[in-house]
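Enquirer: coords.txt is reproduced below (compact mmCIF, C-alpha atoms).
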```
# COMPACT_ATOMS: atom_id res chain seq x y z
CA MET A 1 45.72 -67.09 13.47
CA SER A 2 44.95 -69.21 10.39
CA ALA A 3 44.42 -67.78 6.92
CA PRO A 4 40.83 -66.92 6.02
CA ASP A 5 38.84 -69.59 4.20
CA PRO A 6 37.83 -68.16 0.78
CA ARG A 7 34.61 -70.16 1.00
CA ARG A 8 33.60 -68.95 4.48
CA VAL A 9 30.85 -66.34 4.76
CA ASP A 10 29.71 -65.17 8.17
CA ILE A 11 26.31 -63.48 8.18
CA ILE A 12 26.09 -61.34 11.31
CA PHE A 13 22.56 -60.61 12.48
CA GLU A 14 21.11 -58.80 15.48
CA ARG A 15 18.09 -61.08 15.80
CA ALA A 16 17.60 -64.70 16.78
CA HIS A 17 17.15 -66.06 13.22
CA GLN A 18 14.18 -68.38 13.74
CA PRO A 19 14.80 -68.15 10.68
CA ASP A 20 14.40 -64.67 9.22
CA PRO A 21 13.00 -65.12 5.68
CA ARG A 22 15.54 -62.93 3.85
CA VAL A 23 18.55 -64.19 5.80
CA ARG A 24 17.40 -67.72 5.12
CA ARG A 25 17.09 -67.19 1.36
CA ILE A 26 20.47 -65.48 1.10
CA SER A 27 22.31 -67.96 3.33
CA ARG A 28 20.90 -70.96 1.47
CA ALA A 29 21.70 -69.41 -1.91
CA LEU A 30 25.30 -68.87 -0.85
CA ALA A 31 25.53 -72.42 0.49
CA ASP A 32 24.21 -73.72 -2.84
CA ALA A 33 26.91 -71.64 -4.59
CA GLY A 34 29.63 -73.49 -2.69
CA TYR A 35 30.19 -71.30 0.36
CA ARG A 36 30.53 -72.44 3.97
CA VAL A 37 27.87 -70.21 5.48
CA ARG A 38 27.46 -69.43 9.14
CA VAL A 39 24.78 -67.17 10.63
CA LEU A 40 25.81 -65.50 13.88
CA ALA A 41 22.61 -64.47 15.64
CA TRP A 42 21.51 -62.89 18.92
CA ASP A 43 18.84 -64.80 20.84
CA ARG A 44 17.47 -62.32 23.37
CA SER A 45 15.18 -64.94 24.90
CA GLY A 46 17.94 -67.45 25.68
CA GLN A 47 15.56 -70.24 24.68
CA LEU A 48 16.76 -71.24 21.22
CA PRO A 49 19.63 -73.68 20.58
CA GLU A 50 23.10 -72.15 20.61
CA ILE A 51 24.20 -74.46 17.78
CA ASP A 52 21.70 -75.15 15.02
CA ALA A 53 21.52 -75.81 11.30
CA ASP A 54 19.28 -74.85 8.40
CA GLY A 55 20.19 -77.34 5.71
CA GLU A 56 23.88 -76.75 5.00
CA VAL A 57 23.85 -73.40 6.81
CA GLU A 58 25.36 -73.39 10.30
CA ILE A 59 23.63 -71.22 12.91
CA ARG A 60 25.38 -70.01 16.05
CA ARG A 61 23.32 -68.05 18.54
CA VAL A 62 24.63 -66.09 21.50
CA HIS A 63 22.44 -65.81 24.56
CA VAL A 64 22.46 -62.25 25.91
CA LEU A 65 19.12 -61.83 27.66
CA SER A 66 17.13 -58.75 26.74
CA HIS A 67 13.75 -57.74 25.32
CA ASN A 68 12.28 -55.36 22.77
CA GLY A 69 11.42 -51.78 23.65
CA ARG A 70 14.63 -50.78 25.46
CA GLY A 71 15.35 -47.98 23.03
CA VAL A 72 18.88 -46.59 23.08
CA ALA A 73 19.72 -48.74 26.12
CA GLN A 74 19.50 -51.78 23.84
CA LEU A 75 22.87 -50.76 22.39
CA LEU A 76 24.61 -51.95 25.57
CA TYR A 77 23.12 -55.43 25.15
CA LEU A 78 23.94 -55.38 21.46
CA VAL A 79 27.60 -54.66 22.22
CA ARG A 80 27.68 -57.63 24.60
CA ALA A 81 26.14 -59.89 21.94
CA VAL A 82 28.54 -58.77 19.20
CA SER A 83 31.54 -59.20 21.51
CA ARG A 84 30.63 -62.91 21.60
CA TYR A 85 30.68 -63.11 17.80
CA LEU A 86 34.33 -62.04 17.60
CA PRO A 87 35.97 -65.20 19.08
CA MET A 88 33.99 -67.38 16.65
CA ILE A 89 34.98 -65.19 13.72
CA ARG A 90 38.66 -65.21 14.73
CA ALA A 91 38.68 -69.01 15.24
CA ASP A 92 37.39 -69.69 11.69
CA ARG A 93 38.18 -66.57 9.70
CA PRO A 94 35.73 -65.69 6.92
CA ALA A 95 36.49 -64.24 3.53
CA VAL A 96 33.30 -62.19 3.81
CA LEU A 97 31.41 -60.59 6.67
CA HIS A 98 27.83 -60.16 5.48
CA ALA A 99 26.40 -57.50 7.81
CA VAL A 100 22.62 -57.35 8.10
CA ASP A 101 21.52 -53.76 8.77
CA LEU A 102 23.29 -50.72 10.13
CA PRO A 103 24.32 -51.87 13.66
CA MET A 104 25.93 -54.99 12.20
CA LEU A 105 27.71 -52.91 9.55
CA LEU A 106 29.37 -50.92 12.34
CA ALA A 107 30.20 -54.19 14.10
CA ALA A 108 31.73 -55.63 10.90
CA ILE A 109 33.87 -52.54 10.36
CA LEU A 110 35.14 -52.67 13.94
CA MET A 111 35.80 -56.43 13.91
CA ALA A 112 37.42 -56.63 10.48
CA PRO A 113 40.96 -55.65 11.61
CA PHE A 114 40.87 -58.50 14.16
CA ALA A 115 39.61 -61.05 11.64
CA GLY A 116 42.10 -60.70 8.78
CA ARG A 117 40.19 -57.83 7.13
CA PRO A 118 37.54 -59.82 5.26
CA ARG A 119 35.42 -58.19 2.58
CA ILE A 120 32.33 -56.54 4.00
CA VAL A 121 28.92 -56.85 2.34
CA TYR A 122 26.33 -54.50 3.83
CA ASP A 123 22.79 -55.86 3.49
CA ALA A 124 20.69 -52.75 4.11
CA PHE A 125 17.29 -54.09 5.12
CA GLU A 126 16.19 -50.67 6.40
CA ILE A 127 16.90 -46.94 6.32
CA TYR A 128 16.98 -46.20 10.04
CA SER A 129 17.01 -42.41 9.87
CA ILE A 130 13.58 -42.60 8.20
CA MET A 131 12.16 -45.72 9.83
CA GLU A 132 12.85 -44.53 13.40
CA ARG A 133 11.80 -40.90 12.87
CA HIS A 134 8.76 -41.33 15.11
CA LYS A 135 10.77 -42.86 17.99
CA TYR A 136 13.84 -40.73 18.65
CA PRO A 137 14.64 -37.03 19.17
CA GLY A 138 15.83 -34.91 16.26
CA TRP A 139 19.45 -34.71 17.40
CA LEU A 140 19.75 -38.50 17.58
CA LEU A 141 18.11 -38.94 14.18
CA ALA A 142 20.59 -36.45 12.74
CA VAL A 143 23.47 -38.54 14.13
CA ILE A 144 21.93 -41.73 12.72
CA GLY A 145 21.51 -40.01 9.35
CA VAL A 146 25.19 -39.06 9.20
CA ILE A 147 26.23 -42.58 10.21
CA GLU A 148 23.92 -44.06 7.61
CA ARG A 149 25.44 -41.93 4.85
CA VAL A 150 29.06 -42.52 5.90
CA LEU A 151 29.42 -46.13 7.08
CA PRO A 152 28.26 -47.81 3.83
CA ARG A 153 31.25 -46.23 2.11
CA PHE A 154 33.46 -48.59 4.15
CA ALA A 155 31.66 -51.67 2.79
CA ASP A 156 32.92 -53.45 -0.31
CA GLU A 157 29.36 -54.05 -1.50
CA VAL A 158 25.97 -52.62 -0.51
CA LEU A 159 22.75 -54.58 -1.05
CA THR A 160 19.27 -53.10 -0.88
CA VAL A 161 15.86 -54.79 -0.87
CA GLY A 162 14.20 -52.62 -3.51
CA GLU A 163 14.57 -49.86 -6.04
CA GLY A 164 13.09 -47.23 -3.71
CA ARG A 165 15.79 -47.76 -1.11
CA GLN A 166 18.44 -48.05 -3.80
CA ALA A 167 17.39 -44.58 -4.98
CA TRP A 168 17.97 -43.22 -1.46
CA PHE A 169 21.51 -44.60 -1.41
CA ARG A 170 22.16 -43.34 -4.93
CA ALA A 171 21.05 -39.84 -3.91
CA ASN A 172 23.66 -40.02 -1.15
CA GLY A 173 26.41 -41.10 -3.53
CA ILE A 174 26.45 -44.79 -2.55
CA ARG A 175 26.40 -47.53 -5.18
CA SER A 176 24.27 -50.57 -4.41
CA THR A 177 22.84 -53.75 -5.88
CA VAL A 178 19.17 -54.63 -5.50
CA VAL A 179 18.60 -58.13 -4.14
CA ALA A 180 14.86 -57.98 -3.76
CA ASN A 181 12.72 -59.83 -1.21
CA TRP A 182 11.04 -61.79 -3.97
CA ILE A 183 9.81 -65.29 -3.25
CA ASP A 184 9.40 -68.37 -5.44
CA ALA A 185 6.01 -70.02 -5.52
CA PRO A 186 5.78 -72.85 -2.96
CA VAL A 187 6.54 -76.34 -4.18
CA ASP A 188 3.64 -78.77 -3.72
CA PRO A 189 1.59 -76.58 -1.32
CA PRO A 190 -1.45 -78.07 0.41
CA THR A 191 -4.85 -77.55 -1.14
CA ARG A 192 -7.01 -74.83 0.37
CA ASP A 193 -9.32 -77.47 1.87
CA ASP A 194 -6.42 -79.39 3.44
CA ALA A 195 -4.88 -76.18 4.81
CA ARG A 196 -8.20 -75.16 6.34
CA ARG A 197 -8.64 -78.54 7.96
CA GLN A 198 -5.14 -78.22 9.44
CA PHE A 199 -6.14 -74.99 11.20
CA ALA A 200 -9.77 -75.98 11.84
CA ILE A 201 -11.11 -73.16 9.68
CA PRO A 202 -14.59 -73.80 8.25
CA ALA A 203 -14.57 -74.05 4.46
CA GLU A 204 -16.81 -71.02 3.87
CA ARG A 205 -15.55 -68.67 6.59
CA PHE A 206 -13.89 -65.57 5.13
CA THR A 207 -10.38 -65.43 6.59
CA ILE A 208 -7.92 -62.52 6.67
CA LEU A 209 -4.28 -63.20 7.55
CA TYR A 210 -1.56 -60.92 8.81
CA ALA A 211 1.83 -62.63 9.09
CA GLY A 212 4.99 -60.72 9.91
CA GLY A 213 6.58 -58.48 12.51
CA LEU A 214 4.29 -57.50 15.35
CA ASP A 215 5.16 -53.86 15.85
CA PRO A 216 2.94 -50.86 16.72
CA SER A 217 3.84 -49.35 13.33
CA ARG A 218 1.76 -52.09 11.66
CA ASP A 219 -1.83 -50.93 11.91
CA LEU A 220 -3.20 -54.19 13.24
CA ASP A 221 -5.73 -52.31 15.34
CA ALA A 222 -7.64 -51.70 12.10
CA LEU A 223 -7.98 -55.48 11.77
CA LEU A 224 -9.12 -55.81 15.37
CA ARG A 225 -11.78 -53.14 14.86
CA HIS A 226 -12.95 -54.99 11.75
CA ALA A 227 -13.18 -58.17 13.83
CA ARG A 228 -15.52 -56.41 16.24
CA ARG A 229 -17.69 -55.05 13.42
CA CYS A 230 -17.77 -58.29 11.40
CA PRO A 231 -17.85 -61.27 13.79
CA ASP A 232 -18.44 -63.72 10.91
CA ASP A 233 -14.97 -62.98 9.54
CA LEU A 234 -11.93 -64.76 10.98
CA ILE A 235 -8.77 -62.74 11.63
CA VAL A 236 -5.53 -64.73 11.94
CA VAL A 237 -2.35 -63.08 13.23
CA ALA A 238 1.03 -64.80 12.98
CA GLY A 239 4.47 -63.52 13.90
CA ASN A 240 6.40 -62.11 16.81
CA GLY A 241 7.61 -58.74 18.03
CA SER A 242 7.09 -56.05 20.62
CA ASP A 243 3.29 -55.99 20.16
CA GLU A 244 2.92 -59.73 20.65
CA GLY A 245 1.52 -59.63 24.20
CA ARG A 246 -1.19 -57.11 23.39
CA LEU A 247 -2.30 -59.00 20.29
CA ARG A 248 -2.35 -62.29 22.16
CA GLU A 249 -4.68 -60.71 24.75
CA ALA A 250 -6.92 -59.32 21.99
CA ALA A 251 -7.25 -62.82 20.54
CA GLN A 252 -8.38 -64.08 23.94
CA ASP A 253 -11.09 -61.40 24.09
CA LEU A 254 -12.41 -61.82 20.54
CA GLU A 255 -13.82 -65.15 19.37
CA ASN A 256 -13.01 -64.39 15.73
CA VAL A 257 -9.35 -63.43 16.24
CA ARG A 258 -6.80 -66.24 16.32
CA PHE A 259 -3.20 -65.62 17.37
CA LEU A 260 -0.66 -68.19 16.13
CA GLY A 261 2.61 -66.60 17.25
CA PHE A 262 5.71 -67.38 15.21
CA VAL A 263 5.00 -69.92 12.46
CA GLN A 264 7.99 -71.83 11.07
CA ASP A 265 6.32 -72.56 7.73
CA PRO A 266 3.58 -70.02 6.90
CA THR A 267 2.61 -71.70 3.62
CA PRO A 268 -0.41 -73.68 4.93
CA ILE A 269 -1.99 -70.74 6.75
CA THR A 270 -1.33 -68.50 3.73
CA VAL A 271 -3.02 -70.99 1.42
CA ALA A 272 -5.96 -71.11 3.83
CA ALA A 273 -6.47 -67.33 3.73
CA ASP A 274 -8.90 -65.41 1.53
CA ALA A 275 -6.91 -62.18 1.90
CA LEU A 276 -3.55 -61.02 3.22
CA TYR A 277 -3.34 -57.75 5.15
CA TYR A 278 -0.52 -55.21 5.24
CA ALA A 279 -0.66 -51.58 6.33
CA LEU A 280 1.59 -49.19 8.18
CA MET A 281 0.03 -46.39 10.20
CA ASP A 282 -0.99 -43.56 7.87
CA ASP A 283 1.43 -41.10 9.44
CA HIS A 284 4.37 -43.48 9.73
CA PRO A 285 7.51 -41.93 8.20
CA TYR A 286 8.44 -45.23 6.55
CA ALA A 287 5.16 -45.66 4.69
CA ASP A 288 6.60 -44.42 1.39
CA HIS A 289 9.56 -46.82 1.67
CA ALA A 290 7.79 -50.05 2.61
CA ALA A 291 8.95 -53.15 0.70
CA PRO A 292 7.25 -55.85 2.77
CA ASN A 293 7.56 -59.61 2.43
CA ASN A 294 3.75 -59.68 2.56
CA LEU A 295 3.59 -58.23 -0.97
CA TYR A 296 5.81 -60.95 -2.39
CA VAL A 297 4.03 -63.67 -0.40
CA ALA A 298 0.79 -62.47 -2.01
CA ILE A 299 2.38 -62.86 -5.45
CA SER A 300 4.07 -66.21 -4.81
CA HIS A 301 0.97 -67.77 -3.23
CA GLY A 302 -1.61 -65.98 -5.39
CA VAL A 303 -3.61 -64.59 -2.45
CA PRO A 304 -5.21 -61.10 -2.77
CA LEU A 305 -3.78 -58.31 -0.65
CA VAL A 306 -5.74 -55.69 1.25
CA HIS A 307 -3.46 -52.71 1.71
CA ARG A 308 -2.97 -48.94 1.99
CA GLY A 309 -0.99 -48.58 -1.22
CA GLN A 310 2.22 -47.70 0.61
CA GLY A 311 5.75 -47.99 -0.78
CA GLU A 312 6.35 -50.76 -3.29
CA ILE A 313 2.83 -52.09 -2.76
CA GLY A 314 1.46 -48.80 -4.10
CA VAL A 315 3.84 -48.84 -7.07
CA LEU A 316 2.86 -52.37 -8.07
CA ALA A 317 -0.85 -51.77 -7.37
CA GLY A 318 -0.69 -48.89 -9.85
CA ARG A 319 0.36 -51.35 -12.56
CA HIS A 320 -1.50 -54.54 -11.66
CA GLU A 321 -4.60 -55.66 -9.79
CA ILE A 322 -2.99 -57.29 -6.75
CA GLY A 323 -5.80 -56.67 -4.26
CA VAL A 324 -7.88 -53.80 -2.94
CA ALA A 325 -6.70 -50.62 -1.21
CA PHE A 326 -8.27 -48.98 1.86
CA HIS A 327 -7.58 -45.89 3.96
CA ASP A 328 -9.97 -46.04 6.93
CA ASP A 329 -12.38 -48.41 8.68
CA PRO A 330 -15.32 -48.05 6.24
CA SER A 331 -13.04 -48.50 3.22
CA LEU A 332 -11.41 -51.55 4.86
CA ASP A 333 -14.82 -53.17 5.21
CA ALA A 334 -15.63 -52.24 1.60
CA ALA A 335 -12.31 -53.63 0.36
CA LEU A 336 -12.90 -56.95 2.08
CA ASP A 337 -16.46 -57.06 0.74
CA ARG A 338 -15.06 -56.69 -2.78
CA LEU A 339 -12.73 -59.63 -2.17
CA ARG A 340 -15.66 -61.80 -1.09
CA ASP A 341 -16.93 -61.71 -4.68
CA PRO A 342 -15.81 -64.96 -6.37
CA ALA A 343 -15.25 -63.28 -9.75
CA THR A 344 -13.09 -60.54 -8.21
CA ASP A 345 -11.15 -63.08 -6.18
CA ALA A 346 -10.48 -65.26 -9.25
CA ARG A 347 -9.41 -62.28 -11.37
CA ILE A 348 -6.94 -60.98 -8.77
CA ARG A 349 -5.48 -64.42 -8.09
CA ALA A 350 -4.89 -64.91 -11.82
CA GLU A 351 -3.17 -61.50 -12.01
CA LEU A 352 -0.92 -62.37 -9.07
CA ARG A 353 0.03 -65.73 -10.57
CA GLY A 354 1.00 -63.92 -13.76
CA LEU A 355 3.55 -61.88 -11.81
CA ARG A 356 5.40 -64.85 -10.34
CA ALA A 357 8.04 -65.12 -13.06
CA SER A 358 8.97 -61.44 -12.74
CA TYR A 359 8.99 -61.40 -8.92
CA SER A 360 10.76 -64.67 -8.20
CA TRP A 361 13.65 -65.41 -5.86
CA ALA A 362 15.39 -66.98 -8.86
CA ARG A 363 15.72 -63.47 -10.37
CA ALA A 364 16.77 -61.89 -7.08
CA ARG A 365 19.30 -64.66 -6.58
CA ALA A 366 20.89 -63.78 -9.92
CA ALA A 367 21.52 -60.28 -8.56
CA LEU A 368 23.13 -61.82 -5.47
CA ALA A 369 25.41 -63.84 -7.77
CA SER A 370 26.72 -60.57 -9.22
CA VAL A 371 28.20 -59.79 -5.80
CA TYR A 372 29.37 -63.28 -4.78
CA PRO A 373 31.43 -65.57 -7.07
CA ASP A 374 30.00 -69.06 -7.46
CA ARG A 375 32.52 -71.26 -5.62
CA SER A 376 30.91 -74.43 -6.91
CA SER A 377 31.70 -73.63 -10.55
CA GLY A 378 34.64 -71.25 -10.35
CA ARG A 379 32.72 -68.40 -11.99
CA THR A 380 33.86 -64.92 -11.10
CA ALA A 381 31.47 -62.25 -9.92
CA SER A 382 30.41 -59.57 -12.34
CA SER A 383 30.65 -55.91 -11.38
CA PRO A 384 27.96 -54.80 -8.95
CA SER A 385 24.88 -53.41 -10.63
CA THR A 386 23.51 -49.98 -9.84
CA ASN A 387 20.20 -50.76 -11.46
CA GLY A 388 17.31 -52.80 -10.16
CA PRO A 389 17.02 -56.40 -11.36
```
Could I get this file's structure written as C-alpha cells?
Expert:
Amino acid sequence: MSAPDPRRVDIIFERAHQPDPRVRRISRALADAGYRVRVLAWDRSGQLPEIDADGEVEIRRVHVLSHNGRGVAQLLYLVRAVSRYLPMIRADRPAVLHAVDLPMLLAAILMAPFAGRPRIVYDAFEIYSIMERHKYPGWLLAVIGVIERVLPRFADEVLTVGEGRQAWFRANGIRSTVVANWIDAPVDPPTRDDARRQFAIPAERFTILYAGGLDPSRDLDALLRHARRCPDDLIVVAGNGSDEGRLREAAQDLENVRFLGFVQDPTPITVAADALYYALMDDHPYADHAAPNNLYVAISHGVPLVHRGQGEIGVLAGRHEIGVAFHDDPSLDAALDRLRDPATDARIRAELRGLRASYSWARARAALASVYPDRSSGRTASSPSTNGP
C-alpha cells in the first residue's frame, strides 16, 4: 500500500452530492488551497454519474439503490455504500478523511486503520440527538446522544456550522471551529426582469420562493394554505427530499404553485423572488438550533425572508431587519402583505446588503484555513479556534 498523499483529502458524504451547497464550498476551497479533493458520495437513485467533477474536485458516487424514509433500516444500505468507499480510499490514500455528519464520522473512524490512519476532520452539519427527537424512541435517542458525545473525541478536528451548535459541543467538552454556512454575493447575477422572463413569471406577480430540503419538518403546508387563500400570489418550491412527491402533486392541483425540483443554480429563481420562506414546524425539536442556508441566501442575494424567528434566523432578526416573522396563517398573510410595500421591501433589501461583508463565505473560508494548511503557499495551519468567526 502506497504512502498517503499529503495533498489528498477525501470528503465522505452519505448523500448523492448534486452538489450539496456546503460540501461544494468546502471542497472547492480546499482545491483552491492546493489539495487534491475527492468527494465520495452515495447515490441512492443510481441515476447520477459514478465519476464526475466539479471544477478541480473529483466526485465518485457509489450506486446502492435505496430511498428516503427507511428509518433505522437505512443503516444496512449505508453500510453497503460505505464498504464501497474503502477500496477507493485504500487505492489512493488520503492525508485527511473529512467526514460529513455523524454516520460518516463513525465510518471514518472504522476505516482509518485500513487507510494509513489519516487525520479525521468531523464536519458536524447536524446534532442528531436533537434533530431526530420526533422520529425515534427514547432508548434509541439516548444511544445516539451517547455516540454523539463520544465519537467526536476521536476526530482530530471538529467543525460546526454555527455558534449555537458550537455551544452544544462546548457544553459536552468538545472543542470545535465554526465554519459557517455563509455565502458570497453572486457574481454578475441576472436582473430581476431577466430572471422572471427565464421562469415565465409576470413582472408584477408577487412571488414567494422556498428552496431547500423537502422534508415534513419544513412547514411547507403553511405556504400551500396561503396559495389557496391568495391565488394571485405565486409559490415556487425548489429542492428534493422525502416530501417531494406530495409537493409535486400539490403543484399539479394548484395553479399558483410551481414545483421546480432540484435546481443546479438557484441564483436566477432567487433573484426573481419577492420573498424567501423558511420555517420549521412550531413543535420541531430542532427549531432552536436551525442554521439554514436560506438565511444566508437571503443575505447574499438581498431578498427579504419570511420566517418564524427560529434558531440563528431569530438571533439575527433580533439585531437587523432581515424580513418579517410569522407564527400562524393570519400572521403569514400579514407578513407577506408587509413585504408587498415597496418602501418596506427597499429598506429590508438595503439592510440585507449591508450584512454581506460580515456573513460572507470569504470569512467562513478563513476559519476553514485555520484547520487545513494552505498547500499552495506552504503556510501552516493555526490552532483550531473555539470561538465563532
Enquirer: Can you pull out every residue within 9 Å of Asp282 (chain A), counting all atoms listed in the file, but drop anything in the same chain fewer than 2 positions away, and send it as an MDAnalysis selection string?
Expert: chainID A and resid 219 279:280 284:285 287 308 310 327
Enquirer: By how many Å are CA of Asp194 (chain A) and CA of Asn240 (chain A) apart?
Expert: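 Going from CA of Asp194 (chain A) over to CA of Asn240 (chain A) covers 25.3 Å.
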Enquirer: Near Asn68 (chain A), within 9 Å and counting only C-alpha atoms, which residues show up once chain neighbours fewer than 2 positions away are dropped, as a list in words?
Expert: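 Contacts, in chain order: Arg44, Ser66, Arg70, Gly71, Gln74, Gly241 and Ser242 of chain A.
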Enquirer: Can you measure CA of Thr207 (chain A) to CA of Ile235 (chain A) for me? One decimal in Å is fine.
Expert: 5.9 Å
Enquirer: Tell me, as a short mmCIF file (atom, residue, chain, number, x, y, z; two decimals) with C-alpha atoms, in the coordinates of the input, which residues lie within 9 Å of Leu141 (chain A), counting all atoms listed in the file; anything in the same chain fewer than 6 positions away does not count.
Expert:
```
data_model
loop_
_atom_site.label_atom_id
_atom_site.label_comp_id
_atom_site.auth_asym_id
_atom_site.auth_seq_id
_atom_site.Cartn_x
_atom_site.Cartn_y
_atom_site.Cartn_z
CA TYR A 128 16.98 -46.20 10.04
CA SER A 129 17.01 -42.41 9.87
CA ILE A 130 13.58 -42.60 8.20
CA GLU A 132 12.85 -44.53 13.40
CA ARG A 133 11.80 -40.90 12.87
#
```
Enquirer: If we count all atoms listed in the file and set the cut-off at 12 Å, which residues sit around Arg228 (chain A), ignoring sequence neighbours fewer than 4 positions away in its own chain? Please answer as a count of residues only.
Expert: 17
Enquirer: Please report the interatomic distance between CA of Glu14 (chain A) and CA of Lys135 (chain A) in Å with one decimal.
Expert: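 If I compute the distance from CA of Glu14 (chain A) to CA of Lys135 (chain A), I get 19.2 Å.
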Enquirer: Between A:Asp43, A:Pro231, A:Leu316, A:Val100, which one has atoms that come closest to Tyr77 (chain A), using only C-alpha atoms?
Expert: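 Distance minimum relative to Tyr77 (chain A) lands on A:Asp43.
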Enquirer: Restricting the calculation to all atoms listed in the file: of A:Gly323, A:Pro292, A:Pro373, A:Pro94, which residue gets closest to Trp182 (chain A)?
Expert: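 Closest to Trp182 (chain A) of all the choices is A:Pro292.
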Enquirer: Do you know which residues are at most 7 Å from region 353-356 of chain A counting all atoms listed in the file, after dropping those on the same chain fewer than 2 positions away, and could you put them as a PyMOL selection string?
Expert: chain A and resi 299-300+302+349-351+358-360
Enquirer: Ranking A:Pro190, A:Gly213, A:Gly162, A:Gly55 by minimum distance to Ser27 (chain A) and counting only C-alpha atoms, which one comes first?
Expert: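 Ranked by minimum distance to Ser27 (chain A), first place goes to A:Gly55.
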Enquirer: Just checking: using only C-alpha atoms, which residue out of A:Ile120, A:Ala180, A:Val236, A:Ala112 ends up closest to Phe199 (chain A)?
Expert: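 Among the listed residues, A:Val236 lies closest to Phe199 (chain A).
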Enquirer: When you count all atoms listed in the file, which of these residues is closest to Arg205 (chain A): A:Arg340, A:Val121, A:Ile322, A:Ile127?
Expert: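 Ranking A:Arg340, A:Val121, A:Ile322, A:Ile127 by distance to Arg205 (chain A), first place goes to A:Arg340.
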Enquirer: Identify which of the residues A:Asp374, A:Asp20, A:Glu204, A:Asp288 lies closest to Pro342 (chain A), counting only C-alpha atoms when measuring atom-to-atom distances.
Expert: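 Comparing A:Asp374, A:Asp20, A:Glu204, A:Asp288 against Pro342 (chain A), the winner is A:Glu204.
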Enquirer: Around the point (-13.9, -62.7, 0.5) in the file's coordinates, collect all residues with an atom within 10 Å, using all atoms listed in the file, and return them as an MDAnalysis selection string.
Expert: chainID A and resid 204:208 233 273:275 304 335:342 344:345
